[in-house]
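Listing of start-v4.cif, mmCIF, C-alpha atoms
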data_my_file
loop_
_atom_site.label_atom_id
_atom_site.label_comp_id
_atom_site.auth_asym_id
_atom_site.auth_seq_id
_atom_site.Cartn_x
_atom_site.Cartn_y
_atom_site.Cartn_z
CA MET A 269 -47.37 51.67 -76.87
CA LYS A 270 -46.14 48.08 -77.16
CA THR A 271 -43.15 47.18 -74.98
CA VAL A 272 -40.47 44.82 -76.32
CA VAL A 273 -37.41 43.01 -74.95
CA ILE A 274 -34.73 41.84 -77.40
CA LEU A 275 -32.70 38.79 -76.39
CA GLY A 276 -29.39 38.64 -78.25
CA LEU A 277 -29.16 42.37 -78.91
CA THR A 278 -25.83 42.37 -80.78
CA GLY A 279 -26.60 39.46 -83.10
CA SER A 280 -28.08 39.69 -86.58
CA ILE A 281 -31.66 39.31 -85.28
CA GLY A 282 -31.18 41.95 -82.59
CA THR A 283 -29.59 44.57 -84.81
CA THR A 284 -32.12 43.94 -87.60
CA ALA A 285 -34.93 44.37 -85.08
CA LEU A 286 -33.54 47.74 -84.04
CA ARG A 287 -33.47 48.79 -87.69
CA GLY A 288 -37.10 47.80 -88.14
CA ILE A 289 -38.32 49.31 -84.88
CA ALA A 290 -36.83 52.65 -85.94
CA SER A 291 -39.82 53.01 -88.29
CA PHE A 292 -42.29 52.15 -85.50
CA ARG A 293 -41.09 54.35 -82.63
CA ASP A 294 -44.58 55.79 -82.26
CA SER A 295 -45.97 52.37 -81.36
CA ILE A 296 -43.07 50.17 -80.15
CA ARG A 297 -40.64 50.82 -77.30
CA VAL A 298 -37.69 48.54 -76.48
CA VAL A 299 -37.51 48.39 -72.69
CA GLY A 300 -34.83 45.74 -72.24
CA ALA A 301 -32.28 43.52 -73.91
CA SER A 302 -29.79 40.75 -73.25
CA VAL A 303 -26.23 40.09 -74.35
CA HIS A 304 -23.77 37.29 -73.67
CA THR A 305 -20.23 38.48 -74.33
CA ASN A 306 -20.30 41.53 -76.64
CA VAL A 307 -21.26 43.79 -73.76
CA ASP A 308 -19.58 47.01 -74.91
CA LYS A 309 -21.45 46.95 -78.21
CA ALA A 310 -24.67 46.10 -76.38
CA ALA A 311 -24.26 49.03 -74.01
CA ARG A 312 -23.65 51.37 -76.94
CA LEU A 313 -26.77 50.10 -78.72
CA CYS A 314 -28.78 50.58 -75.52
CA VAL A 315 -27.68 54.21 -75.25
CA GLU A 316 -28.32 54.87 -78.95
CA ASN A 317 -31.82 53.36 -78.79
CA GLY A 318 -32.96 54.46 -75.35
CA ILE A 319 -32.93 50.94 -73.84
CA GLU A 320 -32.68 51.27 -70.07
CA ASN A 321 -32.30 47.61 -68.99
CA LEU A 322 -29.61 45.12 -70.06
CA CYS A 323 -29.09 41.56 -68.85
CA ILE A 324 -25.53 40.20 -69.19
CA THR A 325 -25.73 36.39 -69.31
CA SER A 326 -21.97 35.77 -69.01
CA ASP A 327 -19.30 36.72 -66.49
CA ALA A 328 -18.30 39.74 -68.59
CA PRO A 329 -17.98 42.97 -66.55
CA GLU A 330 -20.61 45.68 -66.72
CA PRO A 331 -19.54 48.64 -68.89
CA PRO A 332 -19.40 51.94 -66.96
CA VAL A 333 -22.32 53.45 -68.87
CA GLN A 334 -24.78 55.79 -67.20
CA GLY A 335 -28.51 55.30 -67.63
CA ILE A 336 -28.50 51.49 -67.90
CA ARG A 337 -29.76 49.14 -65.18
CA TYR A 338 -27.88 45.85 -65.37
CA PHE A 339 -29.28 42.41 -64.61
CA ARG A 340 -27.41 39.13 -64.23
CA ASN A 341 -30.45 36.86 -64.25
CA LEU A 342 -32.59 36.78 -67.38
CA GLU A 343 -35.72 35.47 -65.71
CA GLN A 344 -35.48 38.24 -63.11
CA MET A 345 -35.29 40.92 -65.80
CA LEU A 346 -38.22 39.49 -67.75
CA CYS A 347 -40.43 39.24 -64.67
CA THR A 348 -39.44 42.75 -63.61
CA LEU A 349 -40.18 44.38 -66.98
CA HIS A 350 -43.34 42.45 -67.94
CA ALA A 351 -42.91 43.35 -71.62
CA ASP A 352 -45.73 42.72 -74.06
CA VAL A 353 -43.47 40.66 -76.33
CA VAL A 354 -39.96 39.22 -76.11
CA LEU A 355 -37.93 38.66 -79.28
CA ASN A 356 -35.64 35.67 -78.76
CA GLY A 357 -32.70 36.05 -81.14
CA ILE A 358 -30.29 33.94 -79.07
CA ALA A 359 -28.42 31.42 -81.21
CA GLY A 360 -28.35 27.69 -80.59
CA SER A 361 -29.69 25.44 -77.85
CA ALA A 362 -29.11 28.13 -75.21
CA GLY A 363 -32.23 29.81 -76.57
CA LEU A 364 -34.56 27.19 -75.09
CA GLU A 365 -33.99 28.31 -71.51
CA ALA A 366 -34.63 31.92 -72.52
CA SER A 367 -37.85 30.96 -74.28
CA VAL A 368 -39.10 29.08 -71.23
CA ALA A 369 -38.28 32.08 -69.02
CA THR A 370 -40.18 34.32 -71.44
CA VAL A 371 -43.43 32.36 -71.44
CA ILE A 372 -43.29 31.86 -67.67
CA SER A 373 -42.96 35.63 -67.27
CA GLY A 374 -46.25 36.02 -69.16
CA SER A 375 -44.86 37.76 -72.26
CA ASP A 376 -45.67 36.73 -75.81
CA LEU A 377 -42.69 35.16 -77.56
CA ALA A 378 -41.45 36.28 -80.98
CA LEU A 379 -39.33 33.23 -81.73
CA ALA A 380 -36.26 33.44 -83.93
CA ASN A 381 -34.53 30.62 -82.04
CA LYS A 382 -35.64 27.49 -83.88
CA GLU A 383 -33.84 25.23 -81.40
CA THR A 384 -36.52 26.10 -78.82
CA VAL A 385 -39.10 24.10 -80.77
CA VAL A 386 -36.68 21.48 -82.13
CA LEU A 387 -35.57 20.61 -78.59
CA GLY A 388 -38.68 21.43 -76.60
CA GLY A 389 -41.25 20.21 -79.09
CA ARG A 390 -44.73 19.73 -77.68
CA LEU A 391 -43.44 20.03 -74.11
CA PHE A 392 -42.46 23.64 -74.72
CA LEU A 393 -45.56 24.51 -76.76
CA ASP A 394 -47.79 23.00 -74.05
CA THR A 395 -45.93 25.11 -71.48
CA ALA A 396 -46.59 28.24 -73.53
CA ARG A 397 -50.27 27.40 -73.89
CA GLY A 398 -50.49 26.78 -70.15
CA CYS A 399 -49.09 30.27 -69.57
CA ASP A 400 -51.69 31.70 -71.99
CA VAL A 401 -49.09 33.39 -74.21
CA ASN A 402 -48.57 33.44 -77.95
CA VAL A 403 -45.57 31.95 -79.75
CA ILE A 404 -45.06 33.85 -83.02
CA PRO A 405 -42.52 32.38 -85.46
CA VAL A 406 -39.84 34.75 -86.76
CA ASP A 407 -37.86 32.46 -89.08
CA SER A 408 -38.69 33.77 -92.54
CA GLU A 409 -40.00 30.37 -93.65
CA HIS A 410 -42.20 29.82 -90.61
CA SER A 411 -43.42 33.39 -90.52
CA ALA A 412 -44.53 32.91 -94.13
CA LEU A 413 -46.20 29.59 -93.34
CA ASP A 414 -47.96 31.09 -90.33
CA GLN A 415 -49.33 33.87 -92.52
CA LEU A 416 -50.35 31.56 -95.37
CA ILE A 417 -52.08 29.05 -93.10
CA HIS A 418 -53.99 31.88 -91.43
CA ASP A 419 -55.03 33.43 -94.74
CA CYS A 420 -55.93 30.17 -96.48
CA GLY A 421 -57.52 28.47 -93.49
CA ARG A 422 -55.90 25.49 -91.74
CA ASP A 423 -58.50 23.04 -93.04
CA MET A 424 -57.79 24.02 -96.66
CA VAL A 425 -54.02 23.43 -96.49
CA GLU A 426 -52.83 20.03 -97.66
CA LYS A 427 -49.02 20.45 -97.55
CA LEU A 428 -46.37 22.90 -96.42
CA VAL A 429 -43.61 23.79 -98.87
CA ILE A 430 -40.42 25.17 -97.31
CA THR A 431 -37.94 26.87 -99.63
CA ALA A 432 -34.17 26.54 -99.33
CA SER A 433 -31.58 28.73 -101.05
CA GLY A 434 -29.14 25.83 -101.31
CA GLY A 435 -26.39 27.85 -99.70
CA PRO A 436 -22.96 28.65 -101.15
CA PHE A 437 -22.25 25.12 -102.39
CA LEU A 438 -25.45 24.42 -104.31
CA ASN A 439 -23.54 23.87 -107.56
CA THR A 440 -20.23 22.69 -106.08
CA PRO A 441 -19.17 19.10 -106.86
CA TYR A 442 -18.89 16.93 -103.77
CA GLU A 443 -15.20 16.22 -104.31
CA ASP A 444 -14.46 19.95 -104.05
CA LEU A 445 -16.06 20.23 -100.61
CA VAL A 446 -13.29 18.37 -98.81
CA LYS A 447 -11.08 21.47 -98.79
CA VAL A 448 -13.81 23.94 -97.73
CA SER A 449 -12.65 26.16 -94.84
CA PRO A 450 -14.89 27.41 -92.00
CA ASP A 451 -14.60 30.98 -93.31
CA ARG A 452 -15.77 29.94 -96.76
CA ALA A 453 -18.63 27.82 -95.40
CA ALA A 454 -19.82 30.77 -93.30
CA LYS A 455 -20.29 33.07 -96.32
CA HIS A 456 -23.92 32.72 -97.30
CA PRO A 457 -24.85 34.08 -100.76
CA THR A 458 -28.14 35.65 -99.62
CA TRP A 459 -28.42 36.07 -95.86
CA ASN A 460 -26.14 37.83 -93.35
CA MET A 461 -26.07 35.53 -90.32
CA GLY A 462 -23.75 34.27 -87.60
CA PRO A 463 -21.08 31.64 -88.41
CA LYS A 464 -22.86 28.60 -86.96
CA ILE A 465 -26.20 29.16 -88.67
CA SER A 466 -24.38 30.08 -91.91
CA ILE A 467 -22.49 26.78 -91.87
CA ASP A 468 -25.76 24.98 -91.13
CA SER A 469 -27.27 26.75 -94.13
CA SER A 470 -24.43 25.52 -96.34
CA THR A 471 -25.02 21.87 -95.35
CA LEU A 472 -28.81 22.41 -95.16
CA ALA A 473 -28.76 21.12 -91.58
CA ASN A 474 -30.55 24.40 -90.86
CA LYS A 475 -33.29 23.45 -93.30
CA GLY A 476 -33.63 20.15 -91.50
CA LEU A 477 -34.18 22.05 -88.25
CA GLU A 478 -36.86 24.09 -90.03
CA VAL A 479 -38.65 20.92 -91.12
CA ILE A 480 -38.75 19.74 -87.51
CA GLU A 481 -39.86 23.18 -86.32
CA ALA A 482 -42.67 23.32 -88.90
CA HIS A 483 -43.86 19.88 -87.81
CA TYR A 484 -44.28 21.00 -84.20
CA LEU A 485 -45.50 24.55 -84.83
CA PHE A 486 -48.18 23.70 -87.37
CA GLY A 487 -48.99 20.05 -86.66
CA PHE A 488 -48.13 18.64 -90.10
CA GLY A 489 -46.51 15.21 -90.44
CA ALA A 490 -43.38 14.37 -92.42
CA ASP A 491 -45.42 13.30 -95.47
CA ASP A 492 -47.15 16.68 -95.55
CA ILE A 493 -44.01 18.83 -95.62
CA GLU A 494 -41.84 19.45 -98.68
CA VAL A 495 -38.51 21.21 -99.22
CA VAL A 496 -37.70 22.83 -102.58
CA ILE A 497 -34.55 24.64 -103.70
CA HIS A 498 -35.11 28.33 -104.48
CA PRO A 499 -31.76 30.18 -104.72
CA GLN A 500 -33.16 33.72 -104.76
CA SER A 501 -34.78 33.48 -101.28
CA VAL A 502 -37.68 35.68 -102.40
CA VAL A 503 -40.42 33.07 -101.98
CA HIS A 504 -40.06 32.26 -98.29
CA SER A 505 -42.53 29.39 -98.16
CA MET A 506 -45.64 28.07 -99.88
CA VAL A 507 -48.68 25.98 -99.10
CA ARG A 508 -50.46 23.48 -101.30
CA SER A 509 -54.20 23.77 -100.93
CA LYS A 510 -56.56 20.83 -101.14
CA SER A 511 -57.89 22.30 -104.38
CA GLY A 512 -54.46 21.88 -105.99
CA GLN A 513 -53.51 25.55 -105.97
CA VAL A 514 -50.23 26.76 -104.47
CA TYR A 515 -50.02 29.98 -102.46
CA ALA A 516 -46.69 31.70 -101.82
CA GLN A 517 -45.41 34.49 -99.60
CA MET A 518 -42.81 36.74 -101.24
CA SER A 519 -40.58 39.58 -100.05
CA PRO A 520 -36.94 40.63 -100.39
CA PRO A 521 -34.55 38.44 -98.36
CA ASP A 522 -34.49 40.70 -95.32
CA MET A 523 -35.29 39.46 -91.80
CA VAL A 524 -36.79 42.83 -90.93
CA PHE A 525 -40.08 41.70 -92.50
CA PRO A 526 -40.79 38.62 -90.32
CA ILE A 527 -39.40 40.35 -87.24
CA MET A 528 -41.72 43.33 -87.57
CA ARG A 529 -44.64 41.06 -88.40
CA ALA A 530 -44.08 39.30 -85.08
CA LEU A 531 -43.68 42.53 -83.11
CA THR A 532 -46.85 44.10 -84.51
CA ASP A 533 -49.33 41.32 -83.77
CA CYS A 534 -48.84 40.02 -87.32
CA ARG A 535 -50.41 43.23 -88.70
CA PRO A 536 -47.68 45.75 -89.59
CA ASP A 537 -49.27 48.94 -90.86
CA ARG A 538 -46.17 50.14 -92.71
CA SER A 539 -43.04 48.75 -94.34
CA ALA A 540 -39.73 48.50 -92.50
CA GLY A 541 -37.73 47.34 -95.53
CA LYS A 542 -37.38 47.78 -99.27
CA LYS A 543 -40.31 46.77 -101.43
CA LEU A 544 -40.00 43.88 -103.87
CA ASP A 545 -38.79 45.06 -107.27
CA PHE A 546 -40.18 43.01 -110.17
CA ASP A 547 -38.03 44.70 -112.82
CA LEU A 548 -35.05 42.39 -112.31
CA LEU A 549 -36.83 39.50 -110.61
CA ASP A 550 -36.01 36.02 -111.91
CA LEU A 551 -37.25 33.13 -109.77
CA ASN A 552 -36.03 29.55 -110.05
CA PHE A 553 -37.01 26.33 -108.31
CA ARG A 554 -35.54 22.87 -108.39
CA LYS A 555 -35.93 19.55 -106.64
CA LEU A 556 -33.81 19.02 -103.54
CA ASP A 557 -31.01 16.48 -104.04
CA THR A 558 -31.00 14.53 -100.78
CA LYS A 559 -27.74 12.81 -101.73
CA GLN A 560 -26.00 16.18 -101.90
CA PHE A 561 -27.89 17.46 -98.84
CA PRO A 562 -28.53 14.40 -96.62
CA PHE A 563 -29.30 16.48 -93.53
CA VAL A 564 -32.82 17.17 -94.82
CA ALA A 565 -33.62 13.48 -95.19
CA ASP A 566 -32.28 12.92 -91.67
CA ALA A 567 -34.64 15.58 -90.33
CA PHE A 568 -37.66 13.96 -91.95
CA GLU A 569 -36.54 10.68 -90.37
CA CYS A 570 -36.39 12.41 -86.97
CA VAL A 571 -39.95 13.68 -87.41
CA ARG A 572 -41.19 10.19 -88.29
CA LEU A 573 -39.36 8.47 -85.43
CA GLY A 574 -40.24 11.03 -82.75
CA GLY A 575 -38.79 10.36 -79.31
CA ALA A 576 -35.56 12.29 -78.74
CA TYR A 577 -34.28 12.03 -82.31
CA SER A 578 -34.73 15.75 -82.99
CA ILE A 579 -32.78 16.60 -79.83
CA ALA A 580 -29.97 14.25 -80.88
CA TYR A 581 -29.96 15.75 -84.39
CA ASN A 582 -29.53 19.28 -83.08
CA ALA A 583 -26.96 18.43 -80.41
CA ALA A 584 -24.85 16.32 -82.77
CA ASP A 585 -24.91 19.06 -85.39
CA GLU A 586 -23.83 21.70 -82.86
CA ALA A 587 -20.94 19.46 -81.84
CA ALA A 588 -19.94 18.63 -85.42
CA VAL A 589 -19.96 22.27 -86.53
CA LYS A 590 -17.79 23.17 -83.53
CA PHE A 591 -15.36 20.38 -84.44
CA PHE A 592 -15.21 21.76 -87.98
CA MET A 593 -14.70 25.36 -86.87
CA ASP A 594 -11.94 24.18 -84.50
CA GLY A 595 -10.18 22.35 -87.34
CA ARG A 596 -10.75 18.87 -85.90
CA ILE A 597 -12.76 17.52 -88.85
CA LYS A 598 -13.26 18.32 -92.53
CA TYR A 599 -16.38 19.98 -93.90
CA THR A 600 -17.50 16.69 -95.45
CA ASP A 601 -17.25 15.00 -92.03
CA ILE A 602 -19.95 17.16 -90.42
CA HIS A 603 -22.77 14.95 -91.65
CA ALA A 604 -20.88 11.75 -90.84
CA VAL A 605 -20.68 12.82 -87.18
CA VAL A 606 -24.41 13.56 -87.01
CA ARG A 607 -25.34 10.35 -88.81
CA HIS A 608 -23.21 8.37 -86.37
CA VAL A 609 -25.15 9.83 -83.43
CA LEU A 610 -28.55 9.30 -85.07
CA ASP A 611 -27.76 5.61 -85.55
CA TYR A 612 -28.16 5.16 -81.77
CA ASP A 613 -31.61 4.49 -80.29
CA TRP A 614 -33.29 7.78 -79.33
CA SER A 615 -36.84 6.44 -79.21
CA GLU A 616 -37.41 7.52 -75.60
CA GLY A 617 -38.25 11.21 -75.50
CA PRO A 618 -38.01 13.52 -72.49
CA ALA A 619 -40.87 13.48 -69.99
CA GLU A 620 -40.21 17.10 -69.01
CA LEU A 621 -38.21 20.05 -70.27
CA SER A 622 -35.59 19.66 -67.54
CA ALA A 623 -34.54 16.29 -69.04
CA ILE A 624 -33.49 17.81 -72.38
CA PRO A 625 -29.96 18.93 -71.33
CA LEU A 626 -29.17 15.36 -70.25
CA ILE A 627 -30.13 14.04 -73.69
CA GLU A 628 -28.06 16.77 -75.34
CA LYS A 629 -25.07 15.86 -73.19
CA LEU A 630 -25.38 12.19 -74.15
CA ALA A 631 -25.58 13.10 -77.86
CA TRP A 632 -22.44 15.26 -77.54
CA GLU A 633 -20.64 12.39 -75.84
CA ARG A 634 -21.59 9.97 -78.61
CA THR A 635 -20.06 12.22 -81.28
CA GLY A 636 -16.69 11.05 -80.01
CA GLY A 637 -17.16 7.67 -81.64
CA ALA A 638 -17.20 9.32 -85.07
CA LEU A 639 -13.86 11.12 -84.69
#
Would you mind writing the structure in this file as structure tokens?
Amino acid sequence: MKTVVILGLTGSIGTTALRGIASFRDSIRVVGASVHTNVDKAARLCVENGIENLCITSDAPEPPVQGIRYFRNLEQMLCTLHADVVLNGIAGSAGLEASVATVISGSDLALANKETVVLGGRLFLDTARGCDVNVIPVDSEHSALDQLIHDCGRDMVEKLVITASGGPFLNTPYEDLVKVSPDRAAKHPTWNMGPKISIDSSTLANKGLEVIEAHYLFGFGADDIEVVIHPQSVVHSMVRSKSGQVYAQMSPPDMVFPIMRALTDCRPDRSAGKKLDFDLLDLNFRKLDTKQFPFVADAFECVRLGGAYSIAYNAADEAAVKFFMDGRIKYTDIHAVVRHVLDYDWSEGPAELSAIPLIEKLAWERTGGAL
């Protein structure tokens, strides 16, 4: 029986994981979880799914629920439970600390928090290797790439091709974006996600993060990674082989597939979601317009420049999206804020993981010059 801890139990990754695990109860047992503020919902999910340990990472009070042991320190819970694998579904830069705690505890990491790799880069991956644990990507694009590279053989892969749905404004003229509200920007046409990642998906800042993540996870340079628009989100990624052939991974747009792949040692022996229906399937691809979606070009620049550029990119985007959600800037100003920060010199990267928060803080401070 494989033991699992879910970090971010009430979020979209956490609840989707519970749905998938329901089909694997004979081989997977959730022994612990974490929540930040939605503690009542988390406690209810724990009772419903037989989860006996819950870490509350905020000052929220513990619900008076019998049968749950509460923790206030995530690292303490992880070291106490010694789960086989920890699914990190925490959103944003806060996920890096949780990922570090996971690998130090000796558990394999099923990683849905892309910021862990964007911020931590090789420092984090070296830490994981030093702890002799596996880091298994859960993002649908990186899960697909991981599978394709394994099946094709790393030496036979020439380029990685990451697909992007284009978000809700793929066909919206730029002049119409000025009046976009946070609620409208957070409504993704394909995926059901939290507000921040949904807004990032509308600007394609999220796709930029995925480019950076793919660079670190798989060791491909900026010139060997492509992004192509694919509105249906059925082809999750592709690889170009050295022979000229292209191999793709396809499934319905449901995160249950990459989650369960990660939780079953990349070998699920049954389906946790609906099978792909070819009867009504119509797939389209188009070239990415970097003028309409400049965040992707910025991400490739960050990969080429190295240093702390990826950290600055992520921190500035988090700040800009918060400004937008708070009504301080317009939708079309989000990229301007990030571009302003990236125009500083970030060539000196962190020497250790503990230096990353200081770089993030500096990037947040420099967003003020764009307001």
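Across the chains present, the PyMOL selection byres ((chain A and resi 327) around 9) applied to this file returns His304, Thr305, Ile324, Thr325, Ser326, Ala328, Pro329 and Arg340 of chain A.
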(request) List, as a PyMOL selection string, every residue that the PyMOL selection byres ((chain A and resi 515-518) around 12) selects in the file provided. (result) chain A and resi 408-421+424-431+498+500-514+519-522+525-526+543-546+549+551
Keeping only C-alpha atoms, write the selected residues as a compact mmCIF listing (two decimals), keeping the file's coordinate frame.
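Ended up saving to again19.txt:
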# COMPACT_ATOMS: atom_id res chain seq x y z
CA SER A 408 -38.69 33.77 -92.54
CA GLU A 409 -40.00 30.37 -93.65
CA HIS A 410 -42.20 29.82 -90.61
CA SER A 411 -43.42 33.39 -90.52
CA ALA A 412 -44.53 32.91 -94.13
CA LEU A 413 -46.20 29.59 -93.34
CA ASP A 414 -47.96 31.09 -90.33
CA GLN A 415 -49.33 33.87 -92.52
CA LEU A 416 -50.35 31.56 -95.37
CA ILE A 417 -52.08 29.05 -93.10
CA HIS A 418 -53.99 31.88 -91.43
CA ASP A 419 -55.03 33.43 -94.74
CA CYS A 420 -55.93 30.17 -96.48
CA GLY A 421 -57.52 28.47 -93.49
CA MET A 424 -57.79 24.02 -96.66
CA VAL A 425 -54.02 23.43 -96.49
CA GLU A 426 -52.83 20.03 -97.66
CA LYS A 427 -49.02 20.45 -97.55
CA LEU A 428 -46.37 22.90 -96.42
CA VAL A 429 -43.61 23.79 -98.87
CA ILE A 430 -40.42 25.17 -97.31
CA THR A 431 -37.94 26.87 -99.63
CA HIS A 498 -35.11 28.33 -104.48
CA GLN A 500 -33.16 33.72 -104.76
CA SER A 501 -34.78 33.48 -101.28
CA VAL A 502 -37.68 35.68 -102.40
CA VAL A 503 -40.42 33.07 -101.98
CA HIS A 504 -40.06 32.26 -98.29
CA SER A 505 -42.53 29.39 -98.16
CA MET A 506 -45.64 28.07 -99.88
CA VAL A 507 -48.68 25.98 -99.10
CA ARG A 508 -50.46 23.48 -101.30
CA SER A 509 -54.20 23.77 -100.93
CA LYS A 510 -56.56 20.83 -101.14
CA SER A 511 -57.89 22.30 -104.38
CA GLY A 512 -54.46 21.88 -105.99
CA GLN A 513 -53.51 25.55 -105.97
CA VAL A 514 -50.23 26.76 -104.47
CA SER A 519 -40.58 39.58 -100.05
CA PRO A 520 -36.94 40.63 -100.39
CA PRO A 521 -34.55 38.44 -98.36
CA ASP A 522 -34.49 40.70 -95.32
CA PHE A 525 -40.08 41.70 -92.50
CA PRO A 526 -40.79 38.62 -90.32
CA LYS A 543 -40.31 46.77 -101.43
CA LEU A 544 -40.00 43.88 -103.87
CA ASP A 545 -38.79 45.06 -107.27
CA PHE A 546 -40.18 43.01 -110.17
CA LEU A 549 -36.83 39.50 -110.61
CA LEU A 551 -37.25 33.13 -109.77
(request) Kindly indicate which residue among A:Arg538, A:Lys464, A:Lys590, A:Lys309 lies nearest to Gly276 (chain A), using all atoms listed in the file for the distances. (result)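 Selected residue with least distance to Gly276 (chain A): A:Lys309.
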(request) Quick one: everything within 9 Å of region 528-536 of chain A, counting all atoms listed in the file, minus sequence neighbours fewer than 5 positions away in the same chain. Send it as JSON, numbers by chain. (result) {"A": [270, 272, 285, 288, 289, 295, 296, 353, 354, 355, 377, 378, 379, 404, 405, 406, 411, 415, 523]}
(request) May I ask for the distance between CA of Leu349 (chain A) and CA of Tyr484 (chain A), given in Å to one decimal place? (result) 29.3 Å
Find the spatial neighbours of Ala631 (chain A), counting only C-alpha atoms, within a cut-off of 10 Å - ignore same-chain residues fewer than 2 positions away - and output them as a CSV table (one decimal) with C-alpha atoms, in the frame of the given file.
chain,number,residue,atom,x,y,z
A,577,TYR,CA,-34.3,12.0,-82.3
A,579,ILE,CA,-32.8,16.6,-79.8
A,580,ALA,CA,-30.0,14.2,-80.9
A,581,TYR,CA,-30.0,15.8,-84.4
A,582,ASN,CA,-29.5,19.3,-83.1
A,583,ALA,CA,-27.0,18.4,-80.4
A,584,ALA,CA,-24.8,16.3,-82.8
A,585,ASP,CA,-24.9,19.1,-85.4
A,587,ALA,CA,-20.9,19.5,-81.8
A,606,VAL,CA,-24.4,13.6,-87.0
A,609,VAL,CA,-25.2,9.8,-83.4
A,610,LEU,CA,-28.6,9.3,-85.1
A,612,TYR,CA,-28.2,5.2,-81.8
A,614,TRP,CA,-33.3,7.8,-79.3
A,625,PRO,CA,-30.0,18.9,-71.3
A,626,LEU,CA,-29.2,15.4,-70.2
A,627,ILE,CA,-30.1,14.0,-73.7
A,628,GLU,CA,-28.1,16.8,-75.3
A,629,LYS,CA,-25.1,15.9,-73.2
A,633,GLU,CA,-20.6,12.4,-75.8
A,634,ARG,CA,-21.6,10.0,-78.6
A,635,THR,CA,-20.1,12.2,-81.3
A,636,GLY,CA,-16.7,11.0,-80.0
(message) Quick one: residues within 9 Å of Leu556 (chain A), only C-alpha atoms, excluding same-chain residues fewer than 4 positions away - as a PyMOL selection string?
(response) chain A and resi 432+434+495-497+560-561+564
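When only C-alpha atoms are used to compute distances to Gly462 (chain A), the closest of the residues A:Val307, A:Ile281, A:Gly487, A:Asn439 turns out to be A:Ile281.
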Could you give me region 393-406 of chain A completed to N, CA and C atoms, formatted as a compact mmCIF listing (two decimals), in the coordinates of the input?
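selection24.txt written:
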# COMPACT_ATOMS: atom_id res chain seq x y z
N LEU A 393 -44.34 23.87 -76.26
CA LEU A 393 -45.56 24.51 -76.76
C LEU A 393 -46.71 24.34 -75.77
N ASP A 394 -46.77 23.19 -75.08
CA ASP A 394 -47.79 23.00 -74.05
C ASP A 394 -47.55 23.95 -72.87
N THR A 395 -46.27 24.17 -72.55
CA THR A 395 -45.93 25.11 -71.48
C THR A 395 -46.40 26.51 -71.84
N ALA A 396 -46.17 26.92 -73.08
CA ALA A 396 -46.59 28.24 -73.53
C ALA A 396 -48.11 28.38 -73.48
N ARG A 397 -48.80 27.35 -73.93
CA ARG A 397 -50.27 27.40 -73.89
C ARG A 397 -50.77 27.47 -72.45
N GLY A 398 -50.10 26.74 -71.54
CA GLY A 398 -50.49 26.78 -70.15
C GLY A 398 -50.28 28.13 -69.51
N CYS A 399 -49.35 28.91 -70.07
CA CYS A 399 -49.09 30.27 -69.57
C CYS A 399 -49.93 31.30 -70.30
N ASP A 400 -50.77 30.84 -71.24
CA ASP A 400 -51.69 31.70 -71.99
C ASP A 400 -50.94 32.81 -72.74
N VAL A 401 -49.84 32.43 -73.40
CA VAL A 401 -49.09 33.39 -74.21
C VAL A 401 -48.99 32.88 -75.64
N ASN A 402 -48.71 33.78 -76.54
CA ASN A 402 -48.57 33.44 -77.95
C ASN A 402 -47.12 33.19 -78.32
N VAL A 403 -46.89 32.20 -79.17
CA VAL A 403 -45.57 31.95 -79.75
C VAL A 403 -45.67 32.29 -81.24
N ILE A 404 -44.97 33.35 -81.64
CA ILE A 404 -45.06 33.85 -83.02
C ILE A 404 -43.75 33.55 -83.73
N PRO A 405 -43.77 32.73 -84.78
CA PRO A 405 -42.52 32.38 -85.46
C PRO A 405 -41.90 33.56 -86.20
N VAL A 406 -40.57 33.66 -86.12
CA VAL A 406 -39.84 34.75 -86.76
C VAL A 406 -38.96 34.25 -87.91
